[in-house]
Amino acid sequence: MRTLLIASILLLLPFTAGAAGGHGPELEDANIDLKDKASLQRGAKYYANYCQGCHSLKYMRYKRMAEDLGIPDDELRQNLIFGDAKPTDMMTNALQPADGERWFGTEIPDLSLVTRWREPDWVYTYLKSYYVDPSRPYGVNNLIFPKVGMPHALINLQGVQKPVYAEHHGGGEPQVVDVELVEPGELTTEEYDTMVRDITNFLTYVGEPYKLERRSLGLYVLLFLGLMFILAFYLKKEFWKDVH
């Protein structure tokens, strides 16, 4: 009995610790739609132009992406492939891990599986949550990823945001609870949100390219099983009709 009680307490510890620690900022709904090929194509374009210089997609080939998203070969070569890469190559870049560590203090992650590791809503909210912080090496911080090492690559498009602090009483550092746009960028808030949603949609596709295909295949499997059930039911009746 004593052993059972101790085991129960140990199992409950993570939940009580999480409850005591509260929770971080609310994630915004990314509203992912993998059937929206226009959004996926835009996301691929934005990723190639703003993200791929640092973040590779080492599990995705250019050719596979183009076929899935309906991107013609000439547009792929002209707008999405840079340098000496070929359509059959993986979507990597020339950045060396040592350079990433020297410039940003850590190895720059590959983002092939980021939406499976984090979730699409986290990525979407993260890209919207940068704010000015002079204490950081690149002058910015992030609401849902405090002390982030990555600079805000989209700041010219989004604009400059400042932190909004919770009411502060007594000692301790003030807590950032929100961000507020103070200097508009090249895009309106709605346009930037759409852009970030497209990037998140694209990364969600990259994390699991077979997802839509698997869903459609699952429908055919269920229809096949339904037909097999009907055939098996009447076959069973035929075999057992003379058994009393």
# chains A, B, ... in the order shown; residues from 1 in each chain; ligands from 1
call {"tool": "residues_around", "arguments": {"residues": "Tyr192 (chain A)", "least_positions_apart": "6", "cutoff": "10 Å", "atoms": "only C-alpha atoms", "output": "PyMOL selection string"}}
result
chain A and resi 127-128+154+157-159+185-186+198
call {"tool": "closest_atom_pairs", "arguments": {"of": "region 98-208 of chain A", "to": "region 26-47 of chain A", "cutoff": "10 Å", "atoms": "only C-alpha atoms", "output": "Markdown table"}}
result
| residue | atom | partner | partner_atom | distance |
| --- | --- | --- | --- | --- |
| A:Glu119 | CA | A:Ala30 | CA | 9.6 |
| A:Pro120 | CA | A:Ala30 | CA | 6.3 |
| A:Asp121 | CA | A:Ala30 | CA | 5.0 |
| A:Trp122 | CA | A:Leu27 | CA | 6.0 |
| A:Val123 | CA | A:Ala30 | CA | 8.4 |
| A:Tyr124 | CA | A:Ala30 | CA | 5.7 |
| A:Thr125 | CA | A:Glu28 | CA | 5.7 |
| A:Tyr126 | CA | A:Leu27 | CA | 8.6 |
| A:Lys128 | CA | A:Glu28 | CA | 9.5 |
| A:Ile144 | CA | A:Leu27 | CA | 8.6 |
| A:Val177 | CA | A:Glu26 | CA | 9.7 |
| A:Asp178 | CA | A:Glu26 | CA | 9.9 |
| A:Asp193 | CA | A:Ala30 | CA | 9.3 |
| A:Thr194 | CA | A:Ser39 | CA | 8.9 |
| A:Met195 | CA | A:Gly43 | CA | 7.2 |
| A:Val196 | CA | A:Gly43 | CA | 8.0 |
| A:Arg197 | CA | A:Ala30 | CA | 6.0 |
| A:Asp198 | CA | A:Gly43 | CA | 4.4 |
| A:Ile199 | CA | A:Gly43 | CA | 4.1 |
| A:Thr200 | CA | A:Gly43 | CA | 7.3 |
| A:Asn201 | CA | A:Ile32 | CA | 5.5 |
| A:Phe202 | CA | A:Leu40 | CA | 4.9 |
| A:Leu203 | CA | A:Gly43 | CA | 8.0 |
| A:Thr204 | CA | A:Leu34 | CA | 7.9 |
| A:Tyr205 | CA | A:Leu34 | CA | 6.6 |
| A:Val206 | CA | A:Ala44 | CA | 9.7 |
call {"tool": "write_last_selection", "arguments": {"atoms": "N, CA, C and O atoms", "output": "mmCIF file, in the first residue's frame"}}
result
data_model
loop_
_atom_site.group_PDB
_atom_site.id
_atom_site.type_symbol
_atom_site.label_atom_id
_atom_site.label_comp_id
_atom_site.auth_asym_id
_atom_site.auth_seq_id
_atom_site.Cartn_x
_atom_site.Cartn_y
_atom_site.Cartn_z
ATOM 1 N N GLU A 119 4.255 22.792 -32.830
ATOM 2 C CA GLU A 119 2.880 22.799 -33.322
ATOM 3 C C GLU A 119 2.692 24.071 -34.140
ATOM 4 O O GLU A 119 3.352 25.092 -33.901
ATOM 5 N N PRO A 120 1.807 24.031 -35.143
ATOM 6 C CA PRO A 120 1.635 25.188 -36.024
ATOM 7 C C PRO A 120 1.266 26.482 -35.284
ATOM 8 O O PRO A 120 1.773 27.552 -35.630
ATOM 9 N N ASP A 121 0.397 26.394 -34.288
ATOM 10 C CA ASP A 121 -0.012 27.605 -33.565
ATOM 11 C C ASP A 121 1.181 28.273 -32.886
ATOM 12 O O ASP A 121 1.254 29.509 -32.811
ATOM 13 N N TRP A 122 2.120 27.476 -32.380
ATOM 14 C CA TRP A 122 3.308 28.035 -31.724
ATOM 15 C C TRP A 122 4.161 28.787 -32.737
ATOM 16 O O TRP A 122 4.614 29.913 -32.473
ATOM 17 N N VAL A 123 4.415 28.181 -33.900
ATOM 18 C CA VAL A 123 5.232 28.827 -34.930
ATOM 19 C C VAL A 123 4.584 30.126 -35.388
ATOM 20 O O VAL A 123 5.247 31.168 -35.527
ATOM 21 N N TYR A 124 3.278 30.083 -35.615
ATOM 22 C CA TYR A 124 2.542 31.273 -36.071
ATOM 23 C C TYR A 124 2.640 32.402 -35.039
ATOM 24 O O TYR A 124 2.954 33.547 -35.375
ATOM 25 N N THR A 125 2.411 32.077 -33.786
ATOM 26 C CA THR A 125 2.464 33.084 -32.726
ATOM 27 C C THR A 125 3.881 33.599 -32.532
ATOM 28 O O THR A 125 4.102 34.799 -32.329
ATOM 29 N N TYR A 126 4.856 32.708 -32.606
ATOM 30 C CA TYR A 126 6.266 33.090 -32.451
ATOM 31 C C TYR A 126 6.668 34.152 -33.474
ATOM 32 O O TYR A 126 7.318 35.154 -33.140
ATOM 33 N N LYS A 128 4.959 36.310 -34.804
ATOM 34 C CA LYS A 128 4.248 37.576 -34.583
ATOM 35 C C LYS A 128 4.642 38.254 -33.270
ATOM 36 O O LYS A 128 4.176 39.356 -32.987
ATOM 37 N N ILE A 144 6.961 34.496 -26.644
ATOM 38 C CA ILE A 144 6.778 33.077 -26.299
ATOM 39 C C ILE A 144 8.085 32.293 -26.319
ATOM 40 O O ILE A 144 8.094 31.103 -26.023
ATOM 41 N N VAL A 177 3.696 40.562 -21.008
ATOM 42 C CA VAL A 177 2.481 39.780 -21.219
ATOM 43 C C VAL A 177 1.901 39.959 -22.619
ATOM 44 O O VAL A 177 1.031 39.208 -23.040
ATOM 45 N N ASP A 178 2.391 40.972 -23.343
ATOM 46 C CA ASP A 178 1.854 41.229 -24.688
ATOM 47 C C ASP A 178 2.836 42.121 -25.446
ATOM 48 O O ASP A 178 3.829 42.584 -24.882
ATOM 49 N N ASP A 193 -0.003 39.161 -40.988
ATOM 50 C CA ASP A 193 -0.603 37.955 -40.422
ATOM 51 C C ASP A 193 -0.817 36.897 -41.500
ATOM 52 O O ASP A 193 -0.579 35.700 -41.281
ATOM 53 N N THR A 194 -1.274 37.338 -42.679
ATOM 54 C CA THR A 194 -1.487 36.399 -43.784
ATOM 55 C C THR A 194 -0.166 35.788 -44.232
ATOM 56 O O THR A 194 -0.074 34.584 -44.497
ATOM 57 N N MET A 195 0.869 36.611 -44.307
ATOM 58 C CA MET A 195 2.186 36.115 -44.707
ATOM 59 C C MET A 195 2.705 35.066 -43.727
ATOM 60 O O MET A 195 3.181 33.997 -44.125
ATOM 61 N N VAL A 196 2.599 35.364 -42.441
ATOM 62 C CA VAL A 196 3.072 34.431 -41.411
ATOM 63 C C VAL A 196 2.245 33.148 -41.431
ATOM 64 O O VAL A 196 2.769 32.048 -41.244
ATOM 65 N N ARG A 197 0.959 33.273 -41.683
ATOM 66 C CA ARG A 197 0.106 32.078 -41.784
ATOM 67 C C ARG A 197 0.536 31.219 -42.974
ATOM 68 O O ARG A 197 0.570 29.985 -42.888
ATOM 69 N N ASP A 198 0.881 31.862 -44.088
ATOM 70 C CA ASP A 198 1.341 31.111 -45.270
ATOM 71 C C ASP A 198 2.643 30.370 -44.971
ATOM 72 O O ASP A 198 2.811 29.210 -45.367
ATOM 73 N N ILE A 199 3.567 31.030 -44.281
ATOM 74 C CA ILE A 199 4.836 30.372 -43.923
ATOM 75 C C ILE A 199 4.574 29.177 -43.009
ATOM 76 O O ILE A 199 5.138 28.095 -43.182
ATOM 77 N N THR A 200 3.696 29.367 -42.026
ATOM 78 C CA THR A 200 3.366 28.284 -41.090
ATOM 79 C C THR A 200 2.670 27.142 -41.811
ATOM 80 O O THR A 200 2.929 25.963 -41.543
ATOM 81 N N ASN A 201 1.792 27.476 -42.737
ATOM 82 C CA ASN A 201 1.100 26.462 -43.533
ATOM 83 C C ASN A 201 2.116 25.638 -44.321
ATOM 84 O O ASN A 201 2.050 24.397 -44.351
ATOM 85 N N PHE A 202 3.074 26.323 -44.937
ATOM 86 C CA PHE A 202 4.108 25.641 -45.720
ATOM 87 C C PHE A 202 4.954 24.728 -44.831
ATOM 88 O O PHE A 202 5.232 23.577 -45.194
ATOM 89 N N LEU A 203 5.357 25.213 -43.663
ATOM 90 C CA LEU A 203 6.171 24.398 -42.759
ATOM 91 C C LEU A 203 5.379 23.202 -42.224
ATOM 92 O O LEU A 203 5.955 22.142 -41.962
ATOM 93 N N THR A 204 4.075 23.364 -42.078
ATOM 94 C CA THR A 204 3.232 22.242 -41.652
ATOM 95 C C THR A 204 3.202 21.167 -42.734
ATOM 96 O O THR A 204 3.283 19.965 -42.442
ATOM 97 N N TYR A 205 3.106 21.600 -43.980
ATOM 98 C CA TYR A 205 3.177 20.653 -45.095
ATOM 99 C C TYR A 205 4.527 19.939 -45.110
ATOM 100 O O TYR A 205 4.602 18.719 -45.256
ATOM 101 N N VAL A 206 5.619 20.685 -44.967
ATOM 102 C CA VAL A 206 6.968 20.103 -45.010
ATOM 103 C C VAL A 206 7.141 19.050 -43.920
ATOM 104 O O VAL A 206 7.773 18.010 -44.130
#
call {"tool": "residues_around", "arguments": {"residues": "Asn93 (chain A)", "least_positions_apart": "4", "cutoff": "8 Å", "atoms": "only C-alpha atoms", "output": "ChimeraX atom specification"}}
result
/A:52-56
call {"tool": "write_last_selection", "arguments": {"atoms": "N, CA, C and O atoms", "output": "PDB file, in the first residue's frame"}}
result
ATOM      1  N   GLN A  52      15.344  30.624 -45.621  1.00  0.00           N
ATOM      2  CA  GLN A  52      16.222  29.520 -46.004  1.00  0.00           C
ATOM      3  C   GLN A  52      17.700  29.896 -45.990  1.00  0.00           C
ATOM      4  O   GLN A  52      18.563  29.018 -45.980  1.00  0.00           O
ATOM      5  N   GLY A  53      18.011  31.177 -45.969  1.00  0.00           N
ATOM      6  CA  GLY A  53      19.406  31.569 -45.867  1.00  0.00           C
ATOM      7  C   GLY A  53      20.048  31.049 -44.599  1.00  0.00           C
ATOM      8  O   GLY A  53      21.254  30.784 -44.562  1.00  0.00           O
ATOM      9  N   CYS A  54      19.251  30.893 -43.542  1.00  0.00           N
ATOM     10  CA  CYS A  54      19.770  30.373 -42.263  1.00  0.00           C
ATOM     11  C   CYS A  54      19.227  28.986 -41.941  1.00  0.00           C
ATOM     12  O   CYS A  54      19.951  28.135 -41.439  1.00  0.00           O
ATOM     13  N   HIS A  55      17.931  28.766 -42.207  1.00  0.00           N
ATOM     14  CA  HIS A  55      17.268  27.525 -41.794  1.00  0.00           C
ATOM     15  C   HIS A  55      17.041  26.602 -42.992  1.00  0.00           C
ATOM     16  O   HIS A  55      16.311  26.941 -43.918  1.00  0.00           O
ATOM     17  N   SER A  56      17.657  25.432 -42.951  1.00  0.00           N
ATOM     18  CA  SER A  56      17.476  24.463 -44.027  1.00  0.00           C
ATOM     19  C   SER A  56      16.201  23.645 -43.811  1.00  0.00           C
ATOM     20  O   SER A  56      15.585  23.670 -42.749  1.00  0.00           O
TER      21      SER A  56
END
call {"tool": "residues_around", "arguments": {"residues": "Asn141 (chain A)", "least_positions_apart": "2", "cutoff": "10 Å", "atoms": "only C-alpha atoms", "output": "list in words"}}
result
Ser129, Tyr130, Tyr131, Val132, Asp133, Pro134, Ser135, Arg136, Pro137, Tyr138, Gly139, Leu143, Ile144, Phe145, Pro146, Lys147, Val148, Gly149, Met150, Pro151, His152, Lys162 and Pro163 of chain A
call {"tool": "write_last_selection", "arguments": {"atoms": "N, CA and C atoms", "output": "mmCIF file, in the first residue's frame"}}
result
data_model
loop_
_atom_site.group_PDB
_atom_site.id
_atom_site.type_symbol
_atom_site.label_atom_id
_atom_site.label_comp_id
_atom_site.auth_asym_id
_atom_site.auth_seq_id
_atom_site.Cartn_x
_atom_site.Cartn_y
_atom_site.Cartn_z
ATOM 1 N N SER A 129 5.516 37.614 -32.474
ATOM 2 C CA SER A 129 5.689 38.036 -31.084
ATOM 3 C C SER A 129 7.046 38.645 -30.759
ATOM 4 N N TYR A 130 7.770 39.105 -31.756
ATOM 5 C CA TYR A 130 9.035 39.796 -31.486
ATOM 6 C C TYR A 130 8.778 41.202 -30.944
ATOM 7 N N TYR A 131 9.647 41.642 -30.066
ATOM 8 C CA TYR A 131 9.558 43.020 -29.557
ATOM 9 C C TYR A 131 10.956 43.564 -29.270
ATOM 10 N N VAL A 132 11.061 44.884 -29.183
ATOM 11 C CA VAL A 132 12.365 45.520 -28.963
ATOM 12 C C VAL A 132 12.861 45.244 -27.558
ATOM 13 N N ASP A 133 14.144 44.859 -27.471
ATOM 14 C CA ASP A 133 14.782 44.612 -26.173
ATOM 15 C C ASP A 133 16.273 44.939 -26.309
ATOM 16 N N PRO A 134 16.665 46.151 -25.928
ATOM 17 C CA PRO A 134 18.064 46.575 -26.085
ATOM 18 C C PRO A 134 19.064 45.692 -25.341
ATOM 19 N N SER A 135 18.605 44.905 -24.371
ATOM 20 C CA SER A 135 19.528 44.069 -23.610
ATOM 21 C C SER A 135 19.967 42.823 -24.382
ATOM 22 N N ARG A 136 19.274 42.498 -25.464
ATOM 23 C CA ARG A 136 19.599 41.303 -26.235
ATOM 24 C C ARG A 136 20.626 41.618 -27.325
ATOM 25 N N PRO A 137 21.423 40.628 -27.743
ATOM 26 C CA PRO A 137 22.493 40.870 -28.731
ATOM 27 C C PRO A 137 22.004 41.510 -30.029
ATOM 28 N N TYR A 138 20.824 41.110 -30.509
ATOM 29 C CA TYR A 138 20.309 41.673 -31.756
ATOM 30 C C TYR A 138 19.179 42.676 -31.517
ATOM 31 N N GLY A 139 19.020 43.104 -30.267
ATOM 32 C CA GLY A 139 18.075 44.167 -29.965
ATOM 33 C C GLY A 139 16.619 43.760 -29.943
ATOM 34 N N LEU A 143 8.047 37.081 -27.168
ATOM 35 C CA LEU A 143 7.082 36.869 -26.090
ATOM 36 C C LEU A 143 6.978 35.411 -25.684
ATOM 37 N N ILE A 144 6.961 34.496 -26.644
ATOM 38 C CA ILE A 144 6.778 33.077 -26.299
ATOM 39 C C ILE A 144 8.085 32.293 -26.319
ATOM 40 N N PHE A 145 9.181 32.948 -26.697
ATOM 41 C CA PHE A 145 10.500 32.308 -26.663
ATOM 42 C C PHE A 145 11.473 33.318 -26.056
ATOM 43 N N PRO A 146 11.401 33.534 -24.741
ATOM 44 C CA PRO A 146 12.245 34.534 -24.083
ATOM 45 C C PRO A 146 13.728 34.273 -24.314
ATOM 46 N N LYS A 147 14.479 35.366 -24.468
ATOM 47 C CA LYS A 147 15.933 35.336 -24.700
ATOM 48 C C LYS A 147 16.280 34.587 -25.985
ATOM 49 N N VAL A 148 15.449 34.753 -26.983
ATOM 50 C CA VAL A 148 15.677 34.105 -28.273
ATOM 51 C C VAL A 148 16.975 34.632 -28.878
ATOM 52 N N GLY A 149 17.733 33.751 -29.529
ATOM 53 C CA GLY A 149 18.984 34.157 -30.150
ATOM 54 C C GLY A 149 18.815 34.634 -31.579
ATOM 55 N N MET A 150 17.682 34.315 -32.196
ATOM 56 C CA MET A 150 17.459 34.646 -33.602
ATOM 57 C C MET A 150 17.027 36.096 -33.759
ATOM 58 N N PRO A 151 17.647 36.849 -34.684
ATOM 59 C CA PRO A 151 17.155 38.205 -34.965
ATOM 60 C C PRO A 151 15.792 38.152 -35.650
ATOM 61 N N HIS A 152 15.111 39.283 -35.688
ATOM 62 C CA HIS A 152 13.788 39.334 -36.310
ATOM 63 C C HIS A 152 13.970 39.576 -37.804
ATOM 64 N N LYS A 162 6.759 46.996 -29.226
ATOM 65 C CA LYS A 162 7.317 47.180 -27.887
ATOM 66 C C LYS A 162 6.620 46.229 -26.928
ATOM 67 N N PRO A 163 7.259 45.893 -25.810
ATOM 68 C CA PRO A 163 6.639 44.978 -24.836
ATOM 69 C C PRO A 163 5.564 45.688 -24.013
#
call {"tool": "select_by_dssp", "arguments": {"residues": "region 40-114 of chain A", "states": "strand (DSSP E)", "output": "PyMOL selection string"}}
result
chain A and resi 57-61+90-91
call {"tool": "select_by_dssp", "arguments": {"residues": "region 49-93 of chain A", "states": "helix (DSSP H, G or I)", "output": "list in words"}}
result
Asn49, Tyr50, Tyr62, Lys63, Arg64, Met65, Ala66, Glu67, Asp68, Leu69, Asp73, Asp74, Glu75, Leu76, Arg77, Gln78, Asn79 and Leu80 of chain A
call {"tool": "write_last_selection", "arguments": {"atoms": "N, CA, C and O atoms", "output": "mmCIF file, in the first residue's frame"}}
result
data_model
loop_
_atom_site.group_PDB
_atom_site.id
_atom_site.type_symbol
_atom_site.label_atom_id
_atom_site.label_comp_id
_atom_site.auth_asym_id
_atom_site.auth_seq_id
_atom_site.Cartn_x
_atom_site.Cartn_y
_atom_site.Cartn_z
ATOM 1 N N ASN A 49 12.855 33.142 -49.568
ATOM 2 C CA ASN A 49 13.415 34.491 -49.604
ATOM 3 C C ASN A 49 13.839 35.035 -48.246
ATOM 4 O O ASN A 49 14.762 35.848 -48.168
ATOM 5 N N TYR A 50 13.173 34.605 -47.175
ATOM 6 C CA TYR A 50 13.432 35.207 -45.869
ATOM 7 C C TYR A 50 14.010 34.244 -44.828
ATOM 8 O O TYR A 50 14.579 34.702 -43.841
ATOM 9 N N TYR A 62 13.500 19.873 -53.469
ATOM 10 C CA TYR A 62 12.844 20.924 -54.251
ATOM 11 C C TYR A 62 11.808 20.318 -55.201
ATOM 12 O O TYR A 62 10.687 20.812 -55.319
ATOM 13 N N LYS A 63 12.185 19.244 -55.885
ATOM 14 C CA LYS A 63 11.313 18.643 -56.888
ATOM 15 C C LYS A 63 10.038 18.100 -56.259
ATOM 16 O O LYS A 63 8.941 18.284 -56.794
ATOM 17 N N ARG A 64 10.171 17.424 -55.123
ATOM 18 C CA ARG A 64 8.991 16.878 -54.440
ATOM 19 C C ARG A 64 8.057 18.012 -54.013
ATOM 20 O O ARG A 64 6.835 17.925 -54.189
ATOM 21 N N MET A 65 8.627 19.089 -53.464
ATOM 22 C CA MET A 65 7.815 20.223 -53.052
ATOM 23 C C MET A 65 7.073 20.823 -54.251
ATOM 24 O O MET A 65 5.871 21.097 -54.177
ATOM 25 N N ALA A 66 7.785 21.003 -55.368
ATOM 26 C CA ALA A 66 7.175 21.606 -56.553
ATOM 27 C C ALA A 66 6.036 20.743 -57.089
ATOM 28 O O ALA A 66 4.972 21.266 -57.467
ATOM 29 N N GLU A 67 6.222 19.444 -57.097
ATOM 30 C CA GLU A 67 5.171 18.535 -57.589
ATOM 31 C C GLU A 67 3.951 18.574 -56.681
ATOM 32 O O GLU A 67 2.812 18.616 -57.160
ATOM 33 N N ASP A 68 4.177 18.551 -55.382
ATOM 34 C CA ASP A 68 3.062 18.559 -54.438
ATOM 35 C C ASP A 68 2.277 19.871 -54.483
ATOM 36 O O ASP A 68 1.043 19.874 -54.350
ATOM 37 N N LEU A 69 2.991 20.993 -54.650
ATOM 38 C CA LEU A 69 2.348 22.305 -54.568
ATOM 39 C C LEU A 69 1.947 22.862 -55.927
ATOM 40 O O LEU A 69 1.403 23.967 -56.003
ATOM 41 N N ASP A 73 8.248 23.823 -63.260
ATOM 42 C CA ASP A 73 9.696 23.671 -63.136
ATOM 43 C C ASP A 73 10.437 24.982 -63.382
ATOM 44 O O ASP A 73 11.398 25.296 -62.680
ATOM 45 N N ASP A 74 9.985 25.772 -64.370
ATOM 46 C CA ASP A 74 10.684 27.024 -64.666
ATOM 47 C C ASP A 74 10.560 28.022 -63.518
ATOM 48 O O ASP A 74 11.522 28.730 -63.181
ATOM 49 N N GLU A 75 9.382 28.064 -62.875
ATOM 50 C CA GLU A 75 9.202 28.955 -61.727
ATOM 51 C C GLU A 75 10.014 28.475 -60.535
ATOM 52 O O GLU A 75 10.566 29.283 -59.776
ATOM 53 N N LEU A 76 10.093 27.158 -60.364
ATOM 54 C CA LEU A 76 10.906 26.601 -59.283
ATOM 55 C C LEU A 76 12.359 27.031 -59.436
ATOM 56 O O LEU A 76 12.979 27.524 -58.482
ATOM 57 N N ARG A 77 12.905 26.869 -60.632
ATOM 58 C CA ARG A 77 14.305 27.196 -60.862
ATOM 59 C C ARG A 77 14.566 28.698 -60.766
ATOM 60 O O ARG A 77 15.609 29.134 -60.283
ATOM 61 N N GLN A 78 13.602 29.487 -61.210
ATOM 62 C CA GLN A 78 13.801 30.927 -61.254
ATOM 63 C C GLN A 78 13.611 31.603 -59.902
ATOM 64 O O GLN A 78 14.341 32.535 -59.549
ATOM 65 N N ASN A 79 12.612 31.138 -59.124
ATOM 66 C CA ASN A 79 12.221 31.868 -57.920
ATOM 67 C C ASN A 79 12.538 31.180 -56.598
ATOM 68 O O ASN A 79 12.572 31.843 -55.554
ATOM 69 N N LEU A 80 12.762 29.863 -56.605
ATOM 70 C CA LEU A 80 12.903 29.156 -55.335
ATOM 71 C C LEU A 80 14.234 28.443 -55.154
ATOM 72 O O LEU A 80 14.547 28.000 -54.051
#
call {"tool": "closest_residue", "arguments": {"among": "A:Pro25, A:Gly207, A:Gly105, A:Gly70", "to": "Gln175 (chain A)", "atoms": "only C-alpha atoms"}}
result
A:Pro25
call {"tool": "atom_distance", "arguments": {"atom1": "CA of Lys86 (chain A)", "atom2": "CA of Thr106 (chain A)"}}
result
28.9 Å
call {"tool": "atom_distance", "arguments": {"atom1": "CA of Met90 (chain A)", "atom2": "CA of Pro109 (chain A)"}}
result
15.4 Å
call {"tool": "atom_distance", "arguments": {"atom1": "CA of Glu167 (chain A)", "atom2": "CA of Val179 (chain A)"}}
result
14.5 Å
